[in-house]
>>> print(open('my_file_32.txt').read())   # compact mmCIF, C-alpha atoms and all ligand atoms
# COMPACT_ATOMS: atom_id res chain seq x y z
CA MET A 1140 191.81 8.99 0.12
CA ASP A 1141 193.20 11.33 -2.49
CA LEU A 1142 193.66 9.34 -5.67
CA ALA A 1143 195.61 10.31 -8.75
CA VAL A 1144 194.22 7.36 -10.70
CA GLU A 1145 191.14 5.31 -10.05
CA THR A 1146 189.53 2.68 -12.20
CA VAL A 1147 186.45 0.68 -11.34
CA GLY A 1148 185.60 -2.42 -13.34
CA LEU A 1149 187.81 -1.37 -16.23
CA THR A 1150 187.40 -3.75 -19.14
CA LYS A 1151 188.92 -3.66 -22.59
CA ARG A 1152 188.44 -6.17 -25.37
CA TYR A 1153 190.30 -6.61 -28.64
CA SER A 1154 187.70 -8.58 -30.62
CA GLN A 1155 187.70 -12.04 -28.92
CA LEU A 1156 190.48 -11.29 -26.45
CA THR A 1157 189.66 -9.52 -23.20
CA ALA A 1158 192.93 -7.79 -22.40
CA VAL A 1159 191.73 -6.08 -19.19
CA LYS A 1160 189.02 -7.66 -17.06
CA GLY A 1161 187.20 -5.64 -14.45
CA LEU A 1162 190.31 -3.90 -13.20
CA ASN A 1163 190.01 -1.87 -10.01
CA LEU A 1164 193.03 0.32 -9.61
CA GLU A 1165 193.77 2.95 -6.98
CA VAL A 1166 196.88 5.08 -7.21
CA ARG A 1167 197.33 7.47 -4.33
CA ARG A 1168 198.63 10.92 -4.94
CA ASN A 1169 202.33 11.41 -4.23
CA SER A 1170 203.05 7.71 -4.39
CA VAL A 1171 205.30 5.79 -6.75
CA HIS A 1172 203.00 3.03 -7.84
CA GLY A 1173 204.23 0.00 -9.74
CA PHE A 1174 202.01 -1.86 -12.18
CA LEU A 1175 203.68 -5.22 -12.27
CA GLY A 1176 202.94 -8.09 -14.57
CA PRO A 1177 204.42 -10.37 -17.22
CA ASN A 1178 204.24 -9.62 -20.93
CA GLY A 1179 200.71 -9.57 -22.24
CA ALA A 1180 199.20 -8.93 -18.79
CA GLY A 1181 197.33 -5.83 -19.97
CA LYS A 1182 199.58 -3.08 -18.64
CA THR A 1183 200.00 -1.10 -21.83
CA THR A 1184 196.33 -1.42 -22.66
CA THR A 1185 195.39 -0.02 -19.24
CA ILE A 1186 197.88 2.81 -19.55
CA LYS A 1187 196.64 3.77 -22.99
CA ILE A 1188 193.15 4.03 -21.57
CA LEU A 1189 194.40 6.21 -18.70
CA VAL A 1190 196.01 8.65 -21.11
CA GLY A 1191 193.06 8.66 -23.48
CA LEU A 1192 194.64 6.79 -26.39
CA LEU A 1193 192.21 3.88 -26.15
CA ARG A 1194 188.62 3.78 -25.11
CA ALA A 1195 187.45 1.42 -22.37
CA ASP A 1196 184.62 -0.98 -23.15
CA GLU A 1197 183.36 -0.93 -19.60
CA GLY A 1198 184.16 0.70 -16.32
CA VAL A 1199 184.94 4.05 -14.86
CA VAL A 1200 188.32 5.73 -15.18
CA ARG A 1201 189.27 8.79 -13.18
CA VAL A 1202 192.57 10.57 -13.55
CA LEU A 1203 193.41 13.43 -11.18
CA GLY A 1204 189.86 13.45 -9.96
CA ARG A 1205 188.24 13.69 -13.38
CA GLU A 1206 186.58 11.07 -15.44
CA VAL A 1207 188.68 10.33 -18.51
CA ARG A 1208 186.88 10.98 -21.70
CA TRP A 1209 188.01 11.07 -25.26
CA ASP A 1210 188.33 14.83 -25.14
CA ALA A 1211 189.83 15.86 -21.85
CA PRO A 1212 192.72 18.15 -22.73
CA GLU A 1213 192.59 19.95 -19.38
CA THR A 1214 193.41 16.72 -17.54
CA ARG A 1215 195.91 15.55 -20.13
CA LEU A 1216 197.97 18.70 -19.63
CA LYS A 1217 198.65 17.62 -16.07
CA VAL A 1218 199.68 14.11 -17.06
CA GLY A 1219 203.08 13.24 -18.45
CA TYR A 1220 203.30 10.02 -20.42
CA MET A 1221 206.14 7.99 -21.77
CA PRO A 1222 205.02 5.20 -24.10
CA GLU A 1223 206.61 1.77 -24.14
CA LEU A 1224 209.89 1.93 -26.11
CA PRO A 1225 209.45 5.50 -27.31
CA ARG A 1226 210.60 6.08 -30.87
CA PHE A 1227 211.31 9.64 -31.89
CA PRO A 1228 212.11 11.02 -35.34
CA ARG A 1229 215.78 10.37 -35.90
CA HIS A 1230 216.34 13.54 -37.91
CA LEU A 1231 215.41 15.82 -35.01
CA LYS A 1232 217.77 17.06 -32.36
CA GLY A 1233 216.92 16.26 -28.75
CA ARG A 1234 216.28 19.89 -27.98
CA GLU A 1235 214.02 20.29 -31.04
CA LEU A 1236 211.93 17.33 -30.03
CA LEU A 1237 211.29 18.74 -26.57
CA ASP A 1238 210.46 22.09 -28.11
CA ILE A 1239 207.85 20.53 -30.39
CA TYR A 1240 206.27 18.62 -27.50
CA GLY A 1241 206.39 21.75 -25.35
CA ARG A 1242 204.39 23.61 -27.96
CA MET A 1243 201.87 20.80 -28.07
CA TYR A 1244 201.53 21.18 -24.31
CA GLY A 1245 200.80 24.87 -24.88
CA MET A 1246 203.96 26.10 -23.18
CA SER A 1247 205.00 29.64 -24.01
CA GLU A 1248 208.35 30.32 -25.64
CA GLN A 1249 209.65 31.69 -22.37
CA GLN A 1250 208.53 28.57 -20.48
CA ARG A 1251 210.17 26.34 -23.05
CA ARG A 1252 213.38 28.33 -22.90
CA GLU A 1253 213.52 27.91 -19.16
CA GLU A 1254 212.24 24.41 -18.73
CA ILE A 1255 213.85 22.48 -21.58
CA PRO A 1256 217.47 23.06 -20.53
CA ARG A 1257 216.52 22.18 -16.96
CA LEU A 1258 214.92 18.91 -18.06
CA LEU A 1259 217.85 18.05 -20.29
CA GLU A 1260 220.05 18.47 -17.28
CA VAL A 1261 217.76 16.37 -15.07
CA VAL A 1262 217.84 13.43 -17.48
CA GLY A 1263 221.56 13.76 -18.11
CA LEU A 1264 221.39 14.87 -21.73
CA LYS A 1265 222.98 18.25 -21.21
CA GLY A 1266 225.62 18.78 -23.83
CA ARG A 1267 223.94 16.30 -26.19
CA GLU A 1268 220.78 18.32 -26.86
CA GLY A 1269 222.16 19.52 -30.20
CA ASP A 1270 222.83 15.98 -31.48
CA LEU A 1271 220.48 14.12 -33.77
CA ILE A 1272 218.23 11.63 -31.99
CA GLY A 1273 219.36 9.08 -34.58
CA LYS A 1274 222.75 9.22 -32.89
CA TYR A 1275 221.40 8.64 -29.40
CA SER A 1276 221.81 5.32 -27.66
CA LYS A 1277 218.72 3.46 -26.44
CA GLY A 1278 219.31 4.75 -22.95
CA MET A 1279 219.56 8.33 -24.17
CA GLN A 1280 216.33 7.96 -26.16
CA GLN A 1281 214.62 6.56 -23.11
CA ARG A 1282 215.85 9.47 -21.02
CA LEU A 1283 214.67 11.88 -23.69
CA GLY A 1284 211.30 10.15 -23.41
CA ILE A 1285 211.33 10.81 -19.69
CA ALA A 1286 212.21 14.47 -20.24
CA GLN A 1287 209.30 14.64 -22.68
CA ALA A 1288 207.00 13.13 -20.05
CA LEU A 1289 208.11 15.77 -17.54
CA LEU A 1290 207.38 18.74 -19.80
CA GLY A 1291 204.79 21.14 -18.48
CA ASP A 1292 205.32 20.22 -14.84
CA PRO A 1293 202.85 17.29 -14.71
CA GLU A 1294 201.20 16.21 -11.45
CA LEU A 1295 201.08 12.63 -12.61
CA VAL A 1296 203.77 10.89 -14.64
CA ILE A 1297 202.89 7.61 -16.34
CA LEU A 1298 205.81 5.55 -17.61
CA ASP A 1299 205.24 2.38 -19.59
CA GLU A 1300 208.18 0.03 -18.94
CA PRO A 1301 210.67 2.83 -18.37
CA SER A 1302 213.69 0.58 -18.28
CA LEU A 1303 212.84 -1.76 -21.12
CA GLY A 1304 215.89 -2.40 -23.27
CA LEU A 1305 218.26 -0.47 -21.04
CA ASP A 1306 221.66 -1.56 -19.84
CA PRO A 1307 222.12 -1.82 -16.06
CA VAL A 1308 223.79 1.58 -15.74
CA SER A 1309 220.99 3.35 -17.59
CA MET A 1310 218.45 1.45 -15.52
CA VAL A 1311 219.93 2.84 -12.35
CA GLU A 1312 219.81 6.33 -13.84
CA VAL A 1313 216.17 5.93 -14.80
CA ARG A 1314 215.31 4.64 -11.34
CA ASN A 1315 216.98 7.65 -9.79
CA LEU A 1316 214.99 9.91 -12.11
CA MET A 1317 211.77 8.32 -10.90
CA LYS A 1318 212.77 8.78 -7.28
CA GLY A 1319 213.54 12.42 -8.07
CA MET A 1320 210.06 12.90 -9.52
CA ALA A 1321 208.49 11.55 -6.35
CA LYS A 1322 210.59 13.91 -4.24
CA GLU A 1323 209.25 16.80 -6.30
CA GLY A 1324 205.77 15.81 -5.19
CA ARG A 1325 204.60 14.12 -8.37
CA THR A 1326 202.70 10.89 -8.56
CA VAL A 1327 204.53 8.29 -10.59
CA PHE A 1328 202.77 5.31 -12.12
CA LEU A 1329 205.06 2.91 -13.89
CA SER A 1330 204.50 -0.43 -15.49
CA SER A 1331 207.14 -3.09 -15.36
CA HIS A 1332 207.66 -6.79 -15.78
CA LEU A 1333 210.72 -6.52 -13.55
CA LEU A 1334 210.24 -7.21 -9.90
CA PHE A 1335 213.48 -5.73 -8.78
CA GLU A 1336 212.75 -2.48 -10.56
CA VAL A 1337 209.42 -2.14 -8.82
CA GLU A 1338 210.97 -3.20 -5.55
CA GLN A 1339 213.55 -0.47 -5.72
CA VAL A 1340 211.39 2.52 -6.50
CA CYS A 1341 207.77 1.84 -5.64
CA SER A 1342 205.85 2.50 -2.46
CA HIS A 1343 202.77 0.70 -3.77
CA VAL A 1344 202.31 -2.17 -6.18
CA THR A 1345 199.47 -3.65 -8.19
CA VAL A 1346 200.17 -7.07 -9.65
CA ILE A 1347 198.31 -7.79 -12.88
CA HIS A 1348 198.10 -11.04 -14.78
CA ARG A 1349 195.91 -11.81 -17.79
CA GLY A 1350 194.02 -8.59 -17.33
CA VAL A 1351 193.14 -9.27 -13.71
CA ALA A 1352 194.62 -7.56 -10.65
CA LEU A 1353 195.98 -10.28 -8.37
CA ALA A 1354 197.04 -8.03 -5.54
CA SER A 1355 197.36 -4.36 -4.74
CA ASP A 1356 198.99 -2.99 -1.63
CA THR A 1357 202.03 -1.25 -0.22
CA LEU A 1358 205.31 -2.71 -1.40
CA GLN A 1359 205.98 -3.81 2.15
CA ASN A 1360 202.70 -5.69 2.45
CA ILE A 1361 202.99 -7.24 -0.96
CA ARG A 1362 206.45 -8.38 -0.06
CA GLY A 1363 205.31 -9.61 3.35
CA MET A 1364 202.36 -11.42 1.85
CA LEU A 1365 204.45 -13.04 -0.80
CA MET A 1366 207.60 -13.73 1.10
CA GLY A 1367 205.81 -15.42 4.00
CA GLY A 1368 208.06 -18.39 4.64
CA GLY A 1369 211.38 -19.83 3.78
CA VAL A 1370 212.27 -22.54 1.34
CA VAL A 1371 214.34 -25.61 2.07
CA GLU A 1372 215.95 -27.62 -0.66
CA VAL A 1373 216.70 -31.25 0.08
CA GLU A 1374 218.83 -33.57 -1.99
CA LEU A 1375 217.98 -37.23 -1.56
CA ALA A 1376 220.15 -40.21 -2.41
CA GLU A 1377 217.38 -41.37 -4.71
CA PRO A 1378 213.86 -40.17 -5.53
CA CYS A 1379 211.39 -40.97 -2.77
CA GLU A 1380 207.73 -40.23 -3.20
CA ALA A 1381 206.91 -41.26 0.37
CA ALA A 1382 209.28 -38.60 1.70
CA ALA A 1383 207.54 -35.90 -0.33
CA GLU A 1384 204.17 -37.15 0.94
CA SER A 1385 205.21 -37.12 4.57
CA LEU A 1386 206.51 -33.56 4.22
CA ARG A 1387 203.19 -32.47 2.73
CA SER A 1388 201.46 -33.57 5.92
CA LEU A 1389 203.59 -31.31 8.14
CA PRO A 1390 201.62 -28.31 9.42
CA PHE A 1391 204.28 -25.72 8.59
CA VAL A 1392 204.81 -26.89 5.00
CA SER A 1393 202.86 -25.08 2.32
CA ARG A 1394 204.11 -26.88 -0.75
CA VAL A 1395 206.51 -29.62 -1.80
CA GLU A 1396 207.88 -29.99 -5.25
CA GLN A 1397 209.75 -33.06 -6.34
CA SER A 1398 212.15 -33.03 -9.24
CA GLY A 1399 214.17 -36.22 -9.40
CA ARG A 1400 216.24 -36.43 -6.25
CA ILE A 1401 215.58 -32.81 -5.31
CA LEU A 1402 212.74 -31.82 -3.01
CA THR A 1403 211.87 -28.15 -2.77
CA VAL A 1404 209.94 -27.51 0.41
CA GLU A 1405 208.11 -24.22 0.78
CA LEU A 1406 207.36 -23.23 4.34
CA LYS A 1407 204.68 -21.18 6.02
CA THR A 1408 207.25 -20.10 8.57
CA ARG A 1409 210.61 -18.49 8.63
CA ASP A 1410 211.68 -20.59 11.59
CA ASP A 1411 214.44 -23.06 11.01
CA VAL A 1412 212.54 -26.35 10.85
CA ARG A 1413 215.23 -28.38 9.12
CA ALA A 1414 215.41 -30.91 11.97
CA HIS A 1415 211.67 -31.64 11.59
CA ILE A 1416 212.06 -32.00 7.85
CA SER A 1417 214.99 -34.33 8.29
CA ARG A 1418 213.03 -36.51 10.71
CA ALA A 1419 210.00 -36.71 8.42
CA ILE A 1420 212.12 -37.73 5.46
CA THR A 1421 214.13 -40.30 7.33
CA GLY A 1422 210.97 -41.68 8.93
CA SER A 1423 209.48 -42.36 5.54
CA GLY A 1424 212.56 -44.14 4.24
CA GLY A 1425 214.26 -41.27 2.44
CA VAL A 1426 218.02 -40.74 2.61
CA ILE A 1427 219.23 -37.16 2.77
CA VAL A 1428 222.55 -36.27 1.18
CA ALA A 1429 222.25 -32.51 1.47
CA MET A 1430 219.88 -29.88 2.75
CA GLY A 1431 220.00 -26.14 2.30
CA TRP A 1432 218.05 -23.05 3.20
CA LYS A 1433 217.09 -21.17 0.10
CA GLY A 1434 216.00 -17.55 0.19
CA ARG A 1435 212.90 -16.73 -1.75
CA THR A 1436 213.15 -13.97 -4.28
CA LEU A 1437 210.25 -11.80 -5.23
CA GLU A 1438 210.48 -13.51 -8.59
CA ASP A 1439 209.63 -16.90 -7.06
CA VAL A 1440 206.82 -15.33 -5.22
CA PHE A 1441 205.50 -13.64 -8.30
CA LEU A 1442 205.53 -16.91 -10.22
CA GLN A 1443 203.65 -18.47 -7.36
CA LEU A 1444 201.08 -15.68 -7.36
CA VAL A 1445 200.45 -15.87 -11.07
CA SER A 1446 200.26 -19.64 -11.04
CA LYS A 1447 197.40 -19.56 -8.54
CA PRO A 1448 194.02 -20.03 -10.13
CA VAL A 1449 192.31 -16.67 -10.45
CA GLU A 1450 188.74 -16.58 -9.40
CA GLY A 1451 186.13 -14.04 -10.39
CA GLY A 1452 187.69 -11.35 -12.53
CA ALA A 1453 184.90 -9.10 -13.64
N1 LIG B 1501 195.94 -3.65 -30.68
C1 LIG B 1501 195.76 -4.89 -30.25
N2 LIG B 1501 194.96 -5.77 -30.89
C2 LIG B 1501 194.75 -7.00 -30.44
N3 LIG B 1501 195.31 -7.49 -29.31
C3 LIG B 1501 196.10 -6.68 -28.61
C4 LIG B 1501 196.38 -5.34 -29.04
N4 LIG B 1501 197.21 -4.78 -28.14
C5 LIG B 1501 197.44 -5.70 -27.19
N5 LIG B 1501 196.79 -6.85 -27.48
C6 LIG B 1501 196.78 -8.07 -26.65
O1 LIG B 1501 196.23 -7.73 -25.38
C7 LIG B 1501 196.94 -8.37 -24.33
C8 LIG B 1501 197.49 -7.34 -23.39
O2 LIG B 1501 198.51 -6.63 -24.06
P1 LIG B 1501 199.29 -5.41 -23.41
O3 LIG B 1501 198.31 -4.47 -22.81
O4 LIG B 1501 200.21 -4.85 -24.43
O5 LIG B 1501 200.09 -6.14 -22.25
P2 LIG B 1501 201.45 -5.73 -21.49
O6 LIG B 1501 201.69 -4.28 -21.72
O7 LIG B 1501 201.18 -6.07 -20.07
O8 LIG B 1501 202.53 -6.58 -22.07
C9 LIG B 1501 197.98 -9.24 -24.99
O9 LIG B 1501 197.46 -10.53 -25.12
C10 LIG B 1501 198.17 -8.60 -26.34
O10 LIG B 1501 198.58 -9.54 -27.30
MG MG B 1502 203.33 -3.32 -22.43
>>> encode(input="my_file_32.txt", output="structure tokens", more="lines below")
Ligand SMILES: Nc1ncnc2c1ncn2[C@@H]1O[C@H](COP(=O)(O)OP(=O)(O)O)[C@@H](O)[C@H]1O
Ligand SMILES: [Mg+2]
Amino acid sequence: MDLAVETVGLTKRYSQLTAVKGLNLEVRRNSVHGFLGPNGAGKTTTIKILVGLLRADEGVVRVLGREVRWDAPETRLKVGYMPELPRFPRHLKGRELLDIYGRMYGMSEQQRREEIPRLLEVVGLKGREGDLIGKYSKGMQQRLGIAQALLGDPELVILDEPSLGLDPVSMVEVRNLMKGMAKEGRTVFLSSHLLFEVEQVCSHVTVIHRGVALASDTLQNIRGMLMGGGVVEVELAEPCEAAAESLRSLPFVSRVEQSGRILTVELKTRDDVRAHISRAITGSGGVIVAMGWKGRTLEDVFLQLVSKPVEGGA
């Protein structure tokens, strides 16, 4: 398999805290790969190691087929990177900033003259390139960050929380930009704590929590794995522990949660088993006042995944 990013047993410690624990990551070329996890999961730490800003304590890291070392400018030139919440000097104009970065990437004057206006157009900043960055909105700064990450025609684009702090309209724009990058044949690796963002742009997803990868697969499989069954919510006339117990013994029930008069029943199936549930509750003395089929969002599923005990790690 042709991999744009590969880590084996990647581990990073900040004194006592192990932020990344034995992470195995595989990002295929030409995929849009989401790195999904809550705050503090270890996403930024991993990304900084990939782009050579931090050094791993253990493990192997390969980017575009080469082992990442402290001094690997030839690989870094093929990697575009947007840091989390990029902050640029407010006294520069958008165009000037891209010019400075372009020089750092070793682009000739001719290349910069051709590419910078094109990128400004791509990210929707055409016409605003002469304005001071200090006058840009958050969304515009983020889009400037994306333009910066696309300088020099990178094969791999790494975006750390590309839609953090954006309003919904800008988020849609940023998502479309990422889709555009993939169409141009680039590999996109983006971190996010937002399921719906990942769901809308990624072909592959790695879920990380407390430095450990919980799952890594195609979006479809991750979704399938996580969204296995339906959820039924039952309202009882009064709390009834026996009803919850009898539901737990049903073969198609994976979990029952009781909160006062409300029972949330997670199923292993998508079949409509409400009649069975009703019978089990009534049989154990419970009185049903309402019952409803609740869809399961990826968010529920994610919470369920991260609340599972994690074995192993390193
Ligand atoms: N420079 C640092 N020094 C000490 N701890 C850090 C440092 N950077 C991050 N951490 C800690 O490492 C963990 C992972 O952080 P981070 O990689 O930023 O996660 P994420 O990007 O997923 O939110 C967190 O517990 C965070 O507090
Ligand atoms: Mg982060």
>>> closest_residue(input="my_file_32.txt", among="A:Val1313, A:Leu1258, A:Val1147, A:Leu1264", to="A:Glu1300", atoms="only C-alpha atoms")
A:Val1313
>>> residues_near_ligand(input="my_file_32.txt", ligand="ligand LIG 1501 (chain B)", cutoff="7 Å", atoms="only C-alpha atoms and all ligand atoms", output="list of chain:residue names")
A:Tyr1153, A:Leu1156, A:Ala1158, A:Gly1176, A:Pro1177, A:Asn1178, A:Gly1179, A:Ala1180, A:Gly1181, A:Lys1182, A:Thr1183, A:Thr1184, A:Thr1185
>>> atom_distance(input="my_file_32.txt", atom1="atom CA of A:Gln1155", atom2="atom CA of A:Glu1197")
15.1 Å
>>> closest_residue(input="my_file_32.txt", among="A:Arg1205, A:His1343, A:His1332, A:Arg1409", to="ligand MG 1502 (chain B)", atoms="only C-alpha atoms and all ligand atoms")
A:His1332
>>> closest_residue(input="my_file_32.txt", among="A:Ala1429, A:Ile1361, A:Leu1353, A:Leu1329", to="ligand MG 1502 (chain B)", atoms="only C-alpha atoms and all ligand atoms")
A:Leu1329
>>> closest_residue(input="my_file_32.txt", among="A:His1348, A:Lys1265, A:Arg1394, A:His1415", to="A:Phe1174", atoms="all atoms listed in the file")
A:His1348
>>> atom_distance(input="my_file_32.txt", atom1="atom CA of A:Leu1164", atom2="atom CA of A:Glu1145")
5.4 Å
>>> closest_residue(input="my_file_32.txt", among="A:Arg1215, A:Arg1226, A:Arg1400, A:Arg1252", to="A:Tyr1275", atoms="only C-alpha atoms")
A:Arg1226
